[in-house]
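Colleague: Pasting upload_35.txt here (compact mmCIF, C-alpha atoms):
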```
# COMPACT_ATOMS: atom_id res chain seq x y z
CA MET A 1 -30.90 279.42 83.79
CA THR A 2 -31.31 275.76 82.83
CA ASN A 3 -34.09 273.18 82.94
CA PRO A 4 -33.35 269.43 83.03
CA LYS A 5 -34.55 267.40 80.01
CA PRO A 6 -36.41 264.12 80.67
CA ASN A 7 -33.72 262.19 78.76
CA GLY A 8 -30.82 263.86 80.61
CA GLY A 9 -28.95 267.09 79.71
CA GLU A 10 -30.23 270.61 80.28
CA ARG A 11 -32.16 273.28 78.39
CA SER A 12 -30.89 276.83 78.43
CA ILE A 13 -33.26 279.82 78.48
CA VAL A 14 -30.92 281.64 76.05
CA MET A 15 -31.27 278.79 73.56
CA SER A 16 -35.06 278.87 74.04
CA PHE A 17 -35.05 282.58 73.15
CA TYR A 18 -32.80 281.88 70.17
CA ARG A 19 -35.11 279.14 68.86
CA ALA A 20 -38.23 281.29 69.38
CA PHE A 21 -36.72 284.26 67.49
CA LYS A 22 -35.43 281.96 64.76
CA SER A 23 -38.85 280.37 64.31
CA LEU A 24 -40.70 283.69 64.30
CA GLY A 25 -37.99 285.31 62.15
CA ALA A 26 -38.63 282.72 59.44
CA ALA A 27 -42.31 283.76 59.41
CA ILE A 28 -41.59 287.53 59.28
CA PRO A 29 -41.58 287.96 55.43
CA THR A 30 -44.99 286.26 55.18
CA LEU A 31 -46.43 288.19 58.13
CA LEU A 32 -45.12 291.46 56.66
CA GLY A 33 -46.68 290.57 53.29
CA VAL A 34 -50.02 289.88 54.97
CA VAL A 35 -49.91 293.17 56.90
CA LEU A 36 -49.14 295.12 53.70
CA LEU A 37 -51.98 293.28 51.91
CA LEU A 38 -54.37 294.14 54.75
CA GLY A 39 -53.35 297.80 54.43
CA LEU A 40 -54.28 297.70 50.73
CA PHE A 41 -57.60 296.01 51.49
CA LEU A 42 -58.59 298.43 54.26
CA THR A 43 -57.91 301.40 51.97
CA LEU A 44 -59.34 300.13 48.70
CA VAL A 45 -62.51 298.22 49.73
CA SER A 46 -65.23 300.49 51.10
CA LYS A 47 -68.24 299.70 53.32
CA GLN A 48 -70.46 300.95 50.46
CA PHE A 49 -68.98 298.35 48.13
CA ILE A 50 -69.66 295.57 50.65
CA ALA A 51 -73.28 296.74 51.09
CA SER A 52 -73.82 296.96 47.32
CA VAL A 53 -73.25 293.24 46.61
CA PHE A 54 -76.28 291.92 48.55
CA THR A 55 -79.32 291.06 46.41
CA GLY A 56 -82.24 290.59 48.84
CA GLU A 57 -82.57 286.85 48.07
CA LEU A 58 -82.19 284.93 51.37
CA PHE A 59 -79.95 281.95 50.51
CA ARG A 60 -77.90 283.81 47.90
CA ASP A 61 -77.30 286.64 50.38
CA THR A 62 -76.15 284.13 53.04
CA VAL A 63 -73.57 282.72 50.60
CA ILE A 64 -72.59 286.25 49.53
CA GLY A 65 -72.29 287.23 53.22
CA SER A 66 -70.04 284.23 53.80
CA ALA A 67 -67.93 285.11 50.73
CA MET A 68 -67.65 288.81 51.61
CA GLY A 69 -66.63 287.99 55.19
CA SER A 70 -63.97 285.62 53.84
CA ILE A 71 -62.43 288.30 51.64
CA ALA A 72 -62.87 291.11 54.17
CA ALA A 73 -60.13 291.67 56.69
CA GLY A 74 -59.29 293.71 59.74
CA ASN A 75 -60.38 293.95 63.35
CA ALA A 76 -63.59 292.08 64.22
CA VAL A 77 -65.00 295.37 65.58
CA ASN A 78 -65.15 296.64 61.98
CA SER A 79 -67.33 293.68 61.00
CA TYR A 80 -69.90 294.62 63.66
CA ILE A 81 -69.96 298.24 62.47
CA ILE A 82 -70.41 297.16 58.84
CA GLU A 83 -73.13 294.72 59.93
CA GLU A 84 -75.07 297.45 61.67
CA GLU A 85 -75.02 299.41 58.40
CA LEU A 86 -76.13 296.29 56.48
CA MET A 87 -79.00 295.72 58.93
CA LYS A 88 -80.16 299.28 58.31
CA GLU A 89 -80.05 298.49 54.57
CA GLY A 90 -82.39 295.52 55.22
CA VAL A 91 -79.88 292.69 54.66
CA SER A 92 -81.11 289.45 56.32
CA LEU A 93 -79.71 288.23 59.66
CA PHE A 94 -78.69 284.96 57.91
CA ALA A 95 -76.29 286.89 55.66
CA ILE A 96 -75.10 289.09 58.50
CA THR A 97 -74.29 286.12 60.77
CA ALA A 98 -72.46 284.32 57.94
CA PHE A 99 -70.50 287.54 57.30
CA ILE A 100 -69.45 287.87 60.96
CA MET A 101 -68.45 284.18 61.13
CA THR A 102 -66.28 284.12 58.01
CA TRP A 103 -64.72 287.49 58.91
CA VAL A 104 -63.02 285.78 61.86
CA THR A 105 -62.73 282.14 60.72
CA VAL A 106 -61.82 282.33 57.02
CA ALA A 107 -58.59 284.09 56.14
CA VAL A 108 -58.28 284.76 52.40
CA THR A 109 -55.93 287.72 52.85
CA GLN A 110 -53.91 285.78 55.43
CA PHE A 111 -54.04 282.57 53.38
CA PRO A 112 -50.43 282.86 52.06
CA ALA A 113 -49.17 283.04 55.66
CA GLU A 114 -51.32 280.12 56.81
CA ALA A 115 -50.31 278.00 53.80
CA ALA A 116 -46.60 278.80 54.23
CA ILE A 117 -46.52 278.16 57.98
CA LEU A 118 -49.14 275.45 58.60
CA GLY A 119 -49.12 273.83 55.16
CA LYS A 120 -51.07 274.47 51.95
CA ARG A 121 -53.28 271.36 52.29
CA PHE A 122 -54.24 272.20 55.88
CA ALA A 123 -54.97 275.84 54.97
CA VAL A 124 -57.16 274.92 51.98
CA ILE A 125 -59.19 272.32 53.92
CA ARG A 126 -59.55 274.49 57.03
CA ASN A 127 -60.65 277.62 55.15
CA SER A 128 -63.08 275.68 52.91
CA LEU A 129 -64.65 273.97 55.92
CA SER A 130 -64.89 277.27 57.79
CA PHE A 131 -66.68 278.82 54.81
CA PHE A 132 -69.39 276.13 54.74
CA LEU A 133 -69.64 275.91 58.54
CA ALA A 134 -70.26 279.67 58.66
CA ILE A 135 -73.34 279.18 56.48
CA LEU A 136 -74.54 276.30 58.70
CA VAL A 137 -73.88 278.27 61.92
CA SER A 138 -75.78 281.23 60.49
CA ILE A 139 -78.78 279.06 59.48
CA ALA A 140 -78.78 277.27 62.87
CA THR A 141 -78.48 280.52 64.87
CA VAL A 142 -81.17 282.46 63.04
CA THR A 143 -83.54 279.45 62.89
CA THR A 144 -83.13 278.97 66.67
CA LEU A 145 -83.82 282.68 67.21
CA ILE A 146 -86.96 282.44 65.05
CA LEU A 147 -88.14 279.36 67.03
CA ILE A 148 -87.50 281.11 70.36
CA HIS A 149 -89.47 284.17 69.22
CA MET B 1 -30.42 261.74 56.91
CA LYS B 2 -33.23 261.52 54.39
CA VAL B 3 -35.70 263.05 56.85
CA LEU B 4 -33.27 265.87 57.61
CA ALA B 5 -32.74 266.54 53.91
CA GLU B 6 -36.52 266.54 53.35
CA LYS B 7 -36.97 268.98 56.23
CA LYS B 8 -34.31 271.28 54.76
CA THR B 9 -35.94 271.14 51.32
CA LYS B 10 -39.33 271.96 52.87
CA ARG B 11 -37.81 274.86 54.82
CA GLY B 12 -36.11 276.12 51.66
CA LYS B 13 -39.41 275.98 49.75
CA TYR B 14 -41.15 277.80 52.61
CA HIS B 15 -38.53 280.58 52.61
CA ASN B 16 -38.77 280.96 48.82
CA TYR B 17 -42.57 281.07 48.97
CA SER B 18 -42.48 283.68 51.77
CA PHE B 19 -40.15 285.95 49.84
CA TYR B 20 -42.06 285.60 46.55
CA PHE B 21 -45.25 286.50 48.38
CA LEU B 22 -43.68 289.57 50.01
CA ILE B 23 -42.15 290.68 46.68
CA ALA B 24 -45.56 290.24 44.96
CA VAL B 25 -47.25 292.47 47.57
CA ILE B 26 -44.49 295.11 47.29
CA PHE B 27 -44.97 295.00 43.51
CA LEU B 28 -48.72 295.68 44.05
CA TYR B 29 -47.75 298.74 46.08
CA PHE B 30 -45.47 299.96 43.26
CA LEU B 31 -48.33 299.56 40.81
CA LEU B 32 -50.74 301.40 43.11
CA PHE B 33 -48.17 304.14 43.72
CA PHE B 34 -47.93 304.62 39.96
CA PHE B 35 -51.72 304.93 39.46
CA ASP B 36 -52.85 306.31 42.82
CA PRO B 37 -49.99 307.66 45.00
CA GLY B 38 -52.46 308.88 47.66
CA GLY B 39 -54.05 305.43 47.94
CA ALA B 40 -50.63 303.78 48.24
CA CYS B 41 -49.62 306.17 51.05
CA LYS B 42 -52.95 305.55 52.85
CA SER B 43 -52.44 301.77 52.53
CA LEU B 44 -48.90 302.06 53.90
CA LYS B 45 -50.21 304.11 56.83
CA ALA B 46 -52.93 301.51 57.49
CA SER B 47 -50.26 298.77 57.43
CA GLY B 48 -48.11 300.80 59.84
CA ASP B 49 -51.07 301.10 62.21
CA ILE B 50 -51.59 297.31 62.05
CA ILE B 51 -47.90 296.69 62.83
CA ILE B 52 -48.09 298.95 65.88
CA ARG B 53 -51.25 297.12 67.01
CA ILE B 54 -49.79 293.62 66.62
CA ILE B 55 -46.42 294.28 68.33
CA PRO B 56 -47.76 293.53 71.87
CA VAL B 57 -49.35 290.29 70.63
CA LEU B 58 -46.15 289.31 68.82
CA LEU B 59 -44.20 289.85 72.03
CA LEU B 60 -46.71 287.66 73.86
CA VAL B 61 -46.35 284.96 71.19
CA ILE B 62 -42.52 285.10 71.50
CA LEU B 63 -42.85 284.76 75.28
CA PHE B 64 -45.17 281.74 74.88
CA MET B 65 -42.74 280.15 72.41
CA VAL B 66 -39.80 280.66 74.79
CA LEU B 67 -41.72 279.24 77.76
CA MET B 68 -42.95 276.34 75.67
CA ASP B 69 -39.46 275.53 74.42
CA TYR B 70 -38.00 275.81 77.90
CA PHE B 71 -40.62 274.01 79.98
CA LEU B 72 -42.60 271.78 77.61
CA HIS B 73 -41.26 268.52 76.30
CA PRO B 74 -42.81 266.89 73.23
CA LYS B 75 -44.09 264.15 75.54
CA THR B 76 -45.99 266.73 77.64
CA VAL B 77 -47.46 268.33 74.51
CA ALA B 78 -48.49 264.91 73.23
CA LYS B 79 -50.11 264.14 76.59
CA TYR B 80 -52.30 267.26 76.63
CA VAL B 81 -52.97 267.91 72.92
CA GLY B 82 -51.54 264.85 71.20
CA LYS B 83 -53.18 261.70 69.85
CA GLY B 84 -54.38 260.29 73.16
CA SER B 85 -55.52 263.62 74.64
CA GLY B 86 -59.25 262.96 74.04
CA ILE B 87 -61.83 265.42 75.44
CA LYS B 88 -59.14 267.17 77.48
CA GLY B 89 -57.35 268.09 74.23
CA TRP B 90 -60.49 269.52 72.64
CA PHE B 91 -61.29 271.48 75.78
CA LEU B 92 -57.77 272.92 75.97
CA ALA B 93 -57.62 273.86 72.27
CA ILE B 94 -61.05 275.52 72.22
CA SER B 95 -60.50 277.36 75.53
CA ALA B 96 -57.08 278.59 74.34
CA GLY B 97 -58.65 279.75 71.06
CA ILE B 98 -61.34 281.70 72.93
CA ILE B 99 -58.81 283.35 75.26
CA SER B 100 -56.20 284.15 72.56
CA HIS B 101 -55.96 287.78 71.41
CA GLY B 102 -54.79 289.61 68.32
CA PRO B 103 -54.82 288.72 64.63
CA ILE B 104 -55.01 285.08 63.58
CA TYR B 105 -51.75 285.10 61.56
CA VAL B 106 -49.64 286.05 64.60
CA TRP B 107 -50.52 282.65 66.13
CA TYR B 108 -49.46 280.52 63.15
CA PRO B 109 -45.76 280.14 64.17
CA LEU B 110 -46.73 279.07 67.70
CA LEU B 111 -49.25 276.54 66.38
CA LYS B 112 -46.64 275.18 63.96
CA GLU B 113 -44.22 274.68 66.87
CA LEU B 114 -46.92 272.88 68.88
CA ARG B 115 -47.90 270.70 65.93
CA ASP B 116 -44.24 269.82 65.31
CA GLN B 117 -44.11 268.70 68.95
CA GLY B 118 -47.14 266.44 68.54
CA MET B 119 -50.32 268.58 68.66
CA ARG B 120 -53.16 267.10 66.59
CA SER B 121 -54.09 269.00 63.39
CA GLY B 122 -57.76 268.80 64.38
CA LEU B 123 -57.00 270.68 67.59
CA VAL B 124 -55.07 273.34 65.62
CA ALA B 125 -58.20 273.81 63.47
CA ALA B 126 -60.46 273.88 66.55
CA PHE B 127 -58.20 276.52 68.14
CA LEU B 128 -58.38 278.69 65.01
CA TYR B 129 -62.17 278.32 64.65
CA SER B 130 -62.97 279.01 68.31
CA ARG B 131 -61.15 282.34 67.97
CA ALA B 132 -64.50 283.51 66.53
CA ILE B 133 -65.56 283.91 70.17
CA LYS B 134 -63.89 287.08 71.35
CA ILE B 135 -64.55 287.68 75.04
CA PRO B 136 -63.45 291.36 75.13
CA LEU B 137 -65.80 292.11 72.23
CA LEU B 138 -68.85 290.34 73.70
CA PRO B 139 -70.37 293.56 75.12
CA LEU B 140 -70.07 295.11 71.68
CA ILE B 141 -71.87 292.19 69.95
CA VAL B 142 -74.57 292.33 72.63
CA TYR B 143 -74.91 296.07 71.95
CA TYR B 144 -75.26 295.58 68.18
CA PHE B 145 -77.21 292.29 67.98
CA GLY B 146 -78.71 291.68 71.43
CA ALA B 147 -77.89 289.25 74.27
CA LEU B 148 -80.14 286.48 72.92
CA PHE B 149 -78.26 286.45 69.59
CA VAL B 150 -74.95 286.01 71.45
CA VAL B 151 -76.33 283.30 73.77
CA VAL B 152 -77.55 281.32 70.75
CA LEU B 153 -74.50 281.94 68.54
CA LEU B 154 -71.70 281.01 70.99
CA PRO B 155 -72.63 277.31 71.53
CA TYR B 156 -72.98 276.87 67.77
CA ILE B 157 -69.43 278.27 67.31
CA VAL B 158 -68.08 275.74 69.83
CA ILE B 159 -69.95 272.91 68.05
CA ALA B 160 -68.61 274.10 64.67
CA SER B 161 -65.05 274.15 66.11
CA LEU B 162 -65.45 270.49 67.12
CA ILE B 163 -66.94 269.51 63.75
CA GLU B 164 -64.16 271.26 61.83
CA GLY B 165 -61.47 269.65 64.00
CA GLU B 166 -63.03 266.19 63.66
CA ILE B 167 -63.36 266.46 59.87
CA ILE B 168 -59.71 267.58 59.55
CA GLU B 169 -58.61 264.64 61.72
CA LEU B 170 -60.66 262.28 59.56
CA ILE B 171 -59.03 263.63 56.39
CA GLU B 172 -55.57 263.47 57.99
CA SER B 173 -56.08 259.85 59.10
CA ARG B 174 -57.20 258.86 55.59
CA LYS B 175 -54.08 260.54 54.18
CA ILE B 176 -51.85 258.51 56.56
CA GLN B 177 -53.63 255.26 55.58
```
Give the structure from this file in structure tokens form.
Modeller:
Amino acid sequence: MTNPKPNGGERSIVMSFYRAFKSLGAAIPTLLGVVLLLGLFLTLVSKQFIASVFTGELFRDTVIGSAMGSIAAGNAVNSYIIEEELMKEGVSLFAITAFIMTWVTVAVTQFPAEAAILGKRFAVIRNSLSFFLAILVSIATVTTLILIH
Amino acid sequence: MKVLAEKKTKRGKYHNYSFYFLIAVIFLYFLLFFFDPGGACKSLKASGDIIIRIIPVLLLVILFMVLMDYFLHPKTVAKYVGKGSGIKGWFLAISAGIISHGPIYVWYPLLKELRDQGMRSGLVAAFLYSRAIKIPLLPLIVYYFGALFVVVLLPYIVIASLIEGEIIELIESRKIQ
């Protein structure tokens, strides 16, 4: 199967497969490293530990929530389950929202993969911005909720 | 020739970095196995579970990469998500981020390919940020935090995606200057 190129010649589907596997193959050691690191994290860091770091002070807890979400890893479903536990413990919604946001937008455990594939500079800037934006999104969301109520 | 040599050096550095990282993580496992064999086995099992979970997404990513390589030309990529893509580019990147499934790191190789073909870095960042909106998990967030929380949070995530993308583009343009 071939597809004509705009500048003449043809593309072969076999070559497209070859290039895709080659590109992904180059990323495999990093991806494997990240998966093994996630396995360590999921086993060694407990929900109790995450709950124990919050202090009860609003702004500090929001920053802590953002930091904990950045370090935490795994399926987003886990973050909701942990958050429910934190809510029961009386942790503020500011901290909880920041935690949810950084869980999915900041990737400390996956940072080596992001830096290796998309570039160290891009990864550092993107993750730092995501960290601060999570705090802003949390403040904006909870303030809006308070105003609505 | 110089560009090709630079590309090869970059690729070489990337491969070295990848292997050092993997070796460092394996070393951590050896250490853990020495102090806590049970913990090391549990961690390996958790990693195995993750691998099984990400295989379907990896296959999807490979399929996307093949289709992209076969059908998309750099000019087409540049038209939709390149420098002159404007609002259409933002819309595409954020929508794709919202729809995309699976762990974030599985998407890095695909995004690299797109960026190499002309996708703007700001749109790559917007794609990654908008992944915070997970459509299949919306009922679960509503269950835990309420519908109002979700209705308020989602627009802010989209706005934050745009802000992050714009700031990255600003930094990139300053770097070029």
Colleague: So, counting only C-alpha atoms, which residue among A:Val104, A:Val45, A:His149, A:Lys22 is closest to chain B?
Modeller: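 Smallest distance to chain B is found for A:Val104.
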Colleague: I'd like a table as a tab-separated table: residues in chain A with an atom no more than 7 Å from chain B, each row giving the shortest atom pair and its distance in Å to one decimal, all atoms listed in the file counted, sorted by chain and rising residue number.
Modeller:
```
residue	atom	partner	partner_atom	distance
A:Asn3	CA	B:Tyr70	CA	6.9
A:Arg11	CA	B:Tyr70	CA	6.4
A:Ile13	CA	B:Tyr70	CA	6.2
A:Ser16	CA	B:Val66	CA	5.1
A:Phe17	CA	B:Val66	CA	5.4
A:Ala20	CA	B:Met65	CA	5.6
A:Ser23	CA	B:Pro109	CA	6.9
A:Leu24	CA	B:Pro109	CA	6.2
A:Ala27	CA	B:Pro109	CA	6.9
A:Pro29	CA	B:Ser18	CA	5.7
A:Thr30	CA	B:Ser18	CA	5.0
A:Gly33	CA	B:Leu22	CA	4.6
A:Val35	CA	B:Ser47	CA	5.6
A:Leu36	CA	B:Ser47	CA	5.3
A:Leu37	CA	B:Val25	CA	6.5
A:Leu38	CA	B:Ser47	CA	6.7
A:Gly39	CA	B:Ser47	CA	4.4
A:Leu40	CA	B:Ser43	CA	4.8
A:Thr43	CA	B:Ser43	CA	5.5
A:Glu84	CA	B:Tyr144	CA	6.8
A:Met101	CA	B:Ala132	CA	6.7
A:Val104	CA	B:Ala132	CA	5.4
A:Thr105	CA	B:Tyr129	CA	5.5
A:Gln110	CA	B:Tyr105	CA	6.5
A:Ala113	CA	B:Tyr105	CA	6.8
A:Glu114	CA	B:Tyr108	CA	6.6
A:Ala116	CA	B:Tyr14	CA	5.8
A:Ile117	CA	B:Tyr108	CA	6.4
A:Leu118	CA	B:Lys112	CA	5.9
A:Arg126	CA	B:Ala125	CA	6.6
A:Leu129	CA	B:Glu164	CA	6.5
A:Leu133	CA	B:Ala160	CA	6.5
A:Val137	CA	B:Tyr156	CA	6.1
A:Thr141	CA	B:Leu153	CA	5.6
```
Colleague: Taking only C-alpha atoms into account, name the residue in B:Ile55, B:Phe127, B:Leu60, B:Leu31 that is nearest to B:Gly97.
Modeller: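 With only C-alpha atoms as the atom set, the closest residue is B:Phe127.
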Colleague: When distances are computed from all atoms listed in the file, which of A:Met15, A:Thr143, A:Phe21, A:Ile135 shows the smallest separation from A:Arg60?
Modeller: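 Looking only at the distances to A:Arg60, the closest residue turns out to be A:Ile135.
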Colleague: Considering only C-alpha atoms, return as a count of residues only whatever protein or nucleic-acid residues lie within 10 Å of A:Val91, sequence-local ones (same chain, fewer than 6 positions apart) excluded.
Modeller: 12
Colleague: For A:Ser138, which residue among A:Asn78, A:Ser12, A:Ser66, A:Ser46 is the nearest when counting all atoms listed in the file?
Modeller: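 Selected residue with least distance to A:Ser138: A:Ser66.
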Colleague: Name the closest residue to A:Val142 among the candidates A:Leu44, A:Val108, A:Val124, A:Leu93; distances are taken between atoms, counting all atoms listed in the file.
Modeller: A:Leu93
Colleague: I'd like to know which of A:Phe49, A:Phe59, A:Phe94, A:Ser70 is closest to A:Ile146, using only C-alpha atoms.
Modeller: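 With only C-alpha atoms as the atom set, the closest residue is A:Phe94.
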Colleague: Atom CA of B:Leu92 and atom CA of B:Tyr80 are how many Å apart?
Modeller: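 Taking atom CA of B:Leu92 as the start and atom CA of B:Tyr80 as the end point, the length is 7.9 Å.
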Colleague: Would you mind reading off the distance between atom CA of B:Gly82 and atom CA of B:Ser100, one decimal, in Å?
Modeller: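 Taking atom CA of B:Gly82 as the start and atom CA of B:Ser100 as the end point, the length is 19.9 Å.
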Colleague: What does stretch 128-153 of chain B look like written to a file with N, CA and C atoms, as a PDB file, in the first residue's frame?
Modeller:
```pdb
ATOM      1  N   LEU B 128      -1.123  18.506  26.897  1.00  0.00           N
ATOM      2  CA  LEU B 128      -0.785  17.783  28.132  1.00  0.00           C
ATOM      3  C   LEU B 128      -1.591  18.300  29.322  1.00  0.00           C
ATOM      4  N   TYR B 129      -1.830  19.633  29.376  1.00  0.00           N
ATOM      5  CA  TYR B 129      -2.573  20.185  30.515  1.00  0.00           C
ATOM      6  C   TYR B 129      -4.057  19.800  30.453  1.00  0.00           C
ATOM      7  N   SER B 130      -4.622  19.852  29.231  1.00  0.00           N
ATOM      8  CA  SER B 130      -6.064  19.584  29.126  1.00  0.00           C
ATOM      9  C   SER B 130      -6.392  18.116  29.394  1.00  0.00           C
ATOM     10  N   ARG B 131      -5.355  17.275  29.495  1.00  0.00           N
ATOM     11  CA  ARG B 131      -5.595  15.871  29.848  1.00  0.00           C
ATOM     12  C   ARG B 131      -6.132  15.751  31.280  1.00  0.00           C
ATOM     13  N   ALA B 132      -6.106  16.872  32.021  1.00  0.00           N
ATOM     14  CA  ALA B 132      -6.673  16.881  33.372  1.00  0.00           C
ATOM     15  C   ALA B 132      -8.177  16.629  33.319  1.00  0.00           C
ATOM     16  N   ILE B 133      -8.791  16.947  32.172  1.00  0.00           N
ATOM     17  CA  ILE B 133     -10.226  16.663  32.006  1.00  0.00           C
ATOM     18  C   ILE B 133     -10.335  15.244  31.454  1.00  0.00           C
ATOM     19  N   LYS B 134     -10.882  14.373  32.248  1.00  0.00           N
ATOM     20  CA  LYS B 134     -10.997  12.975  31.825  1.00  0.00           C
ATOM     21  C   LYS B 134     -12.477  12.605  31.717  1.00  0.00           C
ATOM     22  N   ILE B 135     -12.968  12.591  30.493  1.00  0.00           N
ATOM     23  CA  ILE B 135     -14.403  12.373  30.273  1.00  0.00           C
ATOM     24  C   ILE B 135     -14.918  11.068  30.915  1.00  0.00           C
ATOM     25  N   PRO B 136     -14.224   9.927  30.758  1.00  0.00           N
ATOM     26  CA  PRO B 136     -14.775   8.697  31.352  1.00  0.00           C
ATOM     27  C   PRO B 136     -14.869   8.768  32.882  1.00  0.00           C
ATOM     28  N   LEU B 137     -14.037   9.642  33.486  1.00  0.00           N
ATOM     29  CA  LEU B 137     -14.028   9.704  34.954  1.00  0.00           C
ATOM     30  C   LEU B 137     -14.949  10.801  35.502  1.00  0.00           C
ATOM     31  N   LEU B 138     -15.615  11.544  34.607  1.00  0.00           N
ATOM     32  CA  LEU B 138     -16.476  12.644  35.072  1.00  0.00           C
ATOM     33  C   LEU B 138     -17.558  12.177  36.064  1.00  0.00           C
ATOM     34  N   PRO B 139     -18.242  11.043  35.772  1.00  0.00           N
ATOM     35  CA  PRO B 139     -19.263  10.600  36.731  1.00  0.00           C
ATOM     36  C   PRO B 139     -18.688  10.345  38.126  1.00  0.00           C
ATOM     37  N   LEU B 140     -17.435   9.869  38.137  1.00  0.00           N
ATOM     38  CA  LEU B 140     -16.786   9.585  39.414  1.00  0.00           C
ATOM     39  C   LEU B 140     -16.484  10.881  40.181  1.00  0.00           C
ATOM     40  N   ILE B 141     -16.013  11.919  39.468  1.00  0.00           N
ATOM     41  CA  ILE B 141     -15.727  13.205  40.142  1.00  0.00           C
ATOM     42  C   ILE B 141     -17.030  13.807  40.645  1.00  0.00           C
ATOM     43  N   VAL B 142     -18.089  13.686  39.829  1.00  0.00           N
ATOM     44  CA  VAL B 142     -19.398  14.208  40.257  1.00  0.00           C
ATOM     45  C   VAL B 142     -19.833  13.480  41.532  1.00  0.00           C
ATOM     46  N   TYR B 143     -19.610  12.169  41.564  1.00  0.00           N
ATOM     47  CA  TYR B 143     -19.998  11.362  42.728  1.00  0.00           C
ATOM     48  C   TYR B 143     -19.246  11.831  43.982  1.00  0.00           C
ATOM     49  N   TYR B 144     -17.932  12.061  43.837  1.00  0.00           N
ATOM     50  CA  TYR B 144     -17.126  12.431  45.003  1.00  0.00           C
ATOM     51  C   TYR B 144     -17.278  13.900  45.392  1.00  0.00           C
ATOM     52  N   PHE B 145     -17.329  14.814  44.388  1.00  0.00           N
ATOM     53  CA  PHE B 145     -17.261  16.247  44.706  1.00  0.00           C
ATOM     54  C   PHE B 145     -18.506  17.039  44.324  1.00  0.00           C
ATOM     55  N   GLY B 146     -19.435  16.427  43.614  1.00  0.00           N
ATOM     56  CA  GLY B 146     -20.660  17.132  43.229  1.00  0.00           C
ATOM     57  C   GLY B 146     -20.572  17.729  41.829  1.00  0.00           C
ATOM     58  N   ALA B 147     -21.744  17.878  41.181  1.00  0.00           N
ATOM     59  CA  ALA B 147     -21.800  18.357  39.795  1.00  0.00           C
ATOM     60  C   ALA B 147     -21.333  19.809  39.685  1.00  0.00           C
ATOM     61  N   LEU B 148     -21.682  20.626  40.697  1.00  0.00           N
ATOM     62  CA  LEU B 148     -21.326  22.043  40.641  1.00  0.00           C
ATOM     63  C   LEU B 148     -19.801  22.219  40.619  1.00  0.00           C
ATOM     64  N   PHE B 149     -19.119  21.421  41.431  1.00  0.00           N
ATOM     65  CA  PHE B 149     -17.649  21.474  41.487  1.00  0.00           C
ATOM     66  C   PHE B 149     -17.069  21.211  40.095  1.00  0.00           C
ATOM     67  N   VAL B 150     -17.606  20.189  39.420  1.00  0.00           N
ATOM     68  CA  VAL B 150     -17.110  19.819  38.088  1.00  0.00           C
ATOM     69  C   VAL B 150     -17.402  20.930  37.075  1.00  0.00           C
ATOM     70  N   VAL B 151     -18.634  21.476  37.136  1.00  0.00           N
ATOM     71  CA  VAL B 151     -19.030  22.534  36.191  1.00  0.00           C
ATOM     72  C   VAL B 151     -18.127  23.761  36.343  1.00  0.00           C
ATOM     73  N   VAL B 152     -17.728  24.061  37.577  1.00  0.00           N
ATOM     74  CA  VAL B 152     -16.858  25.218  37.810  1.00  0.00           C
ATOM     75  C   VAL B 152     -15.409  24.897  37.425  1.00  0.00           C
ATOM     76  N   LEU B 153     -14.968  23.693  37.772  1.00  0.00           N
ATOM     77  CA  LEU B 153     -13.550  23.333  37.571  1.00  0.00           C
ATOM     78  C   LEU B 153     -13.159  23.218  36.087  1.00  0.00           C
TER      79      LEU B 153
END
```
